[in-house]
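Written below as structure tokens is the structure these notes are about.
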Amino acid sequence: MLKDQIASDARRHSAIKLLVVVMILTCFAVFFGLNMLDVSMDDFRKSYQVRKEKFRNEVNENNSLEAYNHWVLKGNELVKQKKYKQAYADFVKAQRINEIGKRANSGVTICLLAQCRQEGVYCKEASQYYETLVSSGQYSEQELTYVDSFK
């Protein structure tokens with residue numbers, strides 16, 4: 001009987017040791033599994049942020065181009081109507097979107113030249129814009145001739 005009890009205690013002791021080892025291994029597996037999940041979630045978040053930023057930049061570029069074109073076209077319509085002050089304001093809005101925009105810069109130059117010719121105002125600015133426009137080398141002879149017609 002003592003022998004049976006010792007054997008029974010030894011089996012219980014072995015079972016408890018096995019249970020403890022299994023629990024420790026399970027804890028390690030859960031810890032490393034969650035750690036790997038966290039790493040993969042970080043990778044997912046980073047790739048999501050990159051994709052979101054890329055999309056946002058594409059949208060901003062498209063919206064900027066649309067806005068630039070809107071203000072340039074509006075300014076051109078106002079130039080045709082000889083409303084140079086209002087056209088100037090629209091071309092400046094286009095310049096704020098794209099500082100080196102060829103059409104916006106020529107529009108501002110046209111408005112300043114026309115106001116200088118008609119009202120005698122902004123002549124210094126008109127001259128500076130005109131010189132910059134001519135020296136930039138971006139404009140064709142036909143475009144320069146058109147701008148010259150407002151002198």
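We name chains A, B, ... following the order of the structure tokens; residues begin at 1 in each chain, and ligands are numbered from 1 as shown.
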With a cut-off of 10 Å, could you pull out the residues of segment 57-121 of chain A touching segment 132-143 of chain A and give me the nearest pair of atoms for each, distance in Å to one decimal, using only C-alpha atoms, ordered by chain and ascending number, as a tab-separated table?
residue	atom	partner	partner_atom	distance
A:Lys102	CA	A:Gln138	CA	7.6
A:Arg103	CA	A:Tyr139	CA	9.8
A:Asn105	CA	A:Leu133	CA	7.6
A:Ser106	CA	A:Leu133	CA	7.1
A:Thr109	CA	A:Leu133	CA	7.9
| task | For atom CA of Val92 of chain A and atom CA of Val108 of chain A, determine how far apart the two atoms are, in Å to one decimal place. | result | 6.9 Å
| request: Find the residues around Lys151 of chain A up to 8 Å (only C-alpha atoms counted), leave out those fewer than 5 positions away in its own chain, and share them as a ChimeraX atom specification. | output: /A:113-114,116-117
| Counting only C-alpha atoms, which of A:Gln115, A:Ser64, A:Gln128, A:Ser14 gets nearest to Tyr84 of chain A? |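 Residue with the minimum atom-to-atom distance to Tyr84 of chain A: A:Gln115.
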| request: For Leu73 of chain A, please output as a PyMOL selection string all residues within 10 Å (counting only C-alpha atoms; exclusion window: fewer than 6 positions along the same chain). | output: chain A and resi 67+79+87+90-91+94+103-104+107
Kindly export the residues of the current selection with C-alpha atoms, as a compact mmCIF listing (two decimals), in the first residue's frame.
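The resulting file, out-v5.txt, is shown below:
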# COMPACT_ATOMS: atom_id res chain seq x y z
CA ALA A 67 -7.83 74.71 -58.99
CA VAL A 79 -9.02 89.61 -69.48
CA ALA A 87 -8.40 88.98 -63.58
CA ASP A 90 -7.59 85.27 -60.12
CA PHE A 91 -4.14 84.90 -61.66
CA ALA A 94 -3.38 80.48 -59.51
CA ARG A 103 -0.13 80.71 -67.69
CA ALA A 104 -0.63 82.36 -64.29
CA GLY A 107 -1.76 86.44 -66.92
| task | Would you mind telling me which residue in A:Tyr68, A:Leu78, A:Ala15, A:Lys85 lies nearest to Gln118 of chain A when using only C-alpha atoms? | result |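 For Gln118 of chain A, the nearest of the candidates is A:Lys85.
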| said: Using Å and a single decimal, report how far atom CA of Ser127 of chain A sits from atom CA of Ile110 of chain A. | reply: 10.6 Å
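Restricting the calculation to only C-alpha atoms, the smallest distance between Lys82 of chain A and any of A:Leu65, A:Cys111, A:Ile97, A:Leu144 is found for A:Cys111.
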| field | Between atom CA of Asp148 of chain A and atom CA of Tyr88 of chain A - distance in Å to one decimal | value | 16.8 Å
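With only C-alpha atoms as the atoms that count, the residue of A:Leu112, A:Arg45, A:Tyr130, A:Asn98 with the shortest distance to Gln86 of chain A is A:Leu112.
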